[in-house]
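Inspection log for the structure reproduced underneath, given as structure tokens.
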Amino acid sequence: MNIPKQPVNQKILKYSITILIVIGSVWSASGLEITPERFFTAPGKVWILISAMFPLDLSTEAMDRIVPKVAESLFIAWAGTVIGAIFSFPVSFIAANNVSKNSISRVTKQLLNIIRAFPELILAFVLLPVTGLGPLTGTLAVGIHSIGTLGKLSSEVIEGIDEGPLESIKCSGGSKINELLFGVVPQVMPTITSYWLYRFEINLRASAVLGVVGAGGVGAELINQLRFRDFPRAGTVLVVTIMMVLIVDTISAAIRRRIIKGRSIKV
């Protein structure tokens with residue numbers, strides 16, 4: 001059996017890309033001051049920290065402080081996702097070049113790119129002087145960033161629709177609104193809804209981090225316990241947060257499978 005040989009140019013390109021990746025990795029490691037000594041001693045330090053967290057602090061006082069903060073992160077993620085879904089849905093139609101004018105589509109896509117360029121933490125810092133400390137800041141930060149991400153993803157879904165139903169509606173005398181409502185929306189809603197659920201999972205993780213800057217959520221409780229060297233209670237915060245994320249991810253993944261593939265929900 002003769003194995004076809006790769007062209008010389010393709011081989012050169014493949015090896016050049018590999019060399020560039022290796023050089024870039026070494027350069028990045030040197031810039032971050034990642035030395036072999038720090039690399040090999042890190043696992044031992046991590047193990048010391050993890051060992052200090054056990055046994056966990058499962059006292060009533062600890063749970064009374066931790067559970068409400070974990071629930072607050074859940075509420076921030078859900079409210080932020082709702083904000084992102086509500087505002088990104090109409091914007092995605094304006095950004096899609098097959099249902100909107102090219103000039104308007106390009107401008108809208110650039111606006112969505114600008115929104116996505118700012119992480120939730122940066123948005124929280126910007127909003128803190130306006131909304132103050134608390135979950136409102138975290139909710140707005142998560143919601144604004146979700147608008148940019150969901151708007152981009154949803155517009156790409158709209159651009160990939162089957163044009164056949166739109167042509168049928170147009171030939172039968174339907175208006176542009178009819179094309180959108182009966183030709184576009186039924187095709188894109190399953191995928192867009194699954195994106196909303198997936199974004200909720202991402203926002204749940206982001207909301208846990210936002211507490212570090214005082215934007216509500218469980219992150220503030222974790223930082224406080226680490227600051228006071230209360231490692232058992234910090235371990236409890238981490239374990240409860242991980243359990244919440246795993247439960248939400250499992251349920252959300254099952255719902256997304258049901259929406260897209262039509263299978264029965266199995267958690």
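As shown in the structure tokens, the chain order sets the letters A, B, ...; within each chain, residues go from 1, and ligands are also counted from 1 in the order they appear.
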Proximity of segment 215-245 of chain A to segment 132-150 of chain A: per-residue shortest pair, 8 Å limit, only C-alpha atoms, as a tab-separated table:
residue	atom	partner	partner_atom	distance
A:Ala215	CA	A:Gly138	CA	4.6
A:Gly216	CA	A:Pro135	CA	4.0
A:Gly217	CA	A:Pro135	CA	6.7
Those selected residues, please, written with all heavy atoms and delivered as a JSON list (two decimals), in the first residue's frame.
[["chain", "number", "residue", "atom", "x", "y", "z"],
["A", 215, "ALA", "N", -18.49, 42.38, 44.41],
["A", 215, "ALA", "CA", -19.67, 42.43, 43.56],
["A", 215, "ALA", "C", -20.67, 41.33, 43.89],
["A", 215, "ALA", "O", -21.42, 40.88, 43.03],
["A", 215, "ALA", "CB", -19.27, 42.34, 42.09],
["A", 216, "GLY", "N", -20.71, 40.91, 45.15],
["A", 216, "GLY", "CA", -21.66, 39.89, 45.56],
["A", 216, "GLY", "C", -21.17, 38.49, 45.27],
["A", 216, "GLY", "O", -20.22, 38.26, 44.53],
["A", 217, "GLY", "N", -21.83, 37.51, 45.87],
["A", 217, "GLY", "CA", -21.50, 36.13, 45.60],
["A", 217, "GLY", "C", -20.58, 35.51, 46.63],
["A", 217, "GLY", "O", -20.17, 36.14, 47.61]]
Return as JSON lines the residues of segment 48-123 of chain A lying at most 12 Å from segment 176-190 of chain A, together with the closest atom-to-atom pair for each and the distance in Å to one decimal, counting only C-alpha atoms, with rows in chain order and ascending residue number.
{"residue": "A:Ala85", "atom": "CA", "partner": "A:Met189", "partner_atom": "CA", "distance": 11.7}
{"residue": "A:Phe89", "atom": "CA", "partner": "A:Met189", "partner_atom": "CA", "distance": 9.9}
{"residue": "A:Pro90", "atom": "CA", "partner": "A:Leu180", "partner_atom": "CA", "distance": 10.9}
{"residue": "A:Ser92", "atom": "CA", "partner": "A:Val188", "partner_atom": "CA", "distance": 11.1}
{"residue": "A:Phe93", "atom": "CA", "partner": "A:Leu180", "partner_atom": "CA", "distance": 8.8}
{"residue": "A:Ile94", "atom": "CA", "partner": "A:Leu180", "partner_atom": "CA", "distance": 11.5}
{"residue": "A:Ala96", "atom": "CA", "partner": "A:Val184", "partner_atom": "CA", "distance": 11.3}
{"residue": "A:Asn98", "atom": "CA", "partner": "A:Val184", "partner_atom": "CA", "distance": 10.6}
{"residue": "A:Val99", "atom": "CA", "partner": "A:Leu180", "partner_atom": "CA", "distance": 8.1}
{"residue": "A:Ser100", "atom": "CA", "partner": "A:Lys176", "partner_atom": "CA", "distance": 10.6}
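Straight-line separation from atom CA of Asp249 of chain A to atom CA of Phe200 of chain A: 9.1 Å.
Atom CA of Ala79 of chain A lies 15.1 Å from atom CA of Ala124 of chain A.
Interatomic distance, atom CA of Glu72 of chain A against atom CA of Val218 of chain A: 7.2 Å.
With only C-alpha atoms as the atoms that count, the residue of A:Arg116, A:Ala29, A:Gly174, A:Thr131 with the shortest distance to Gly84 of chain A is A:Arg116.
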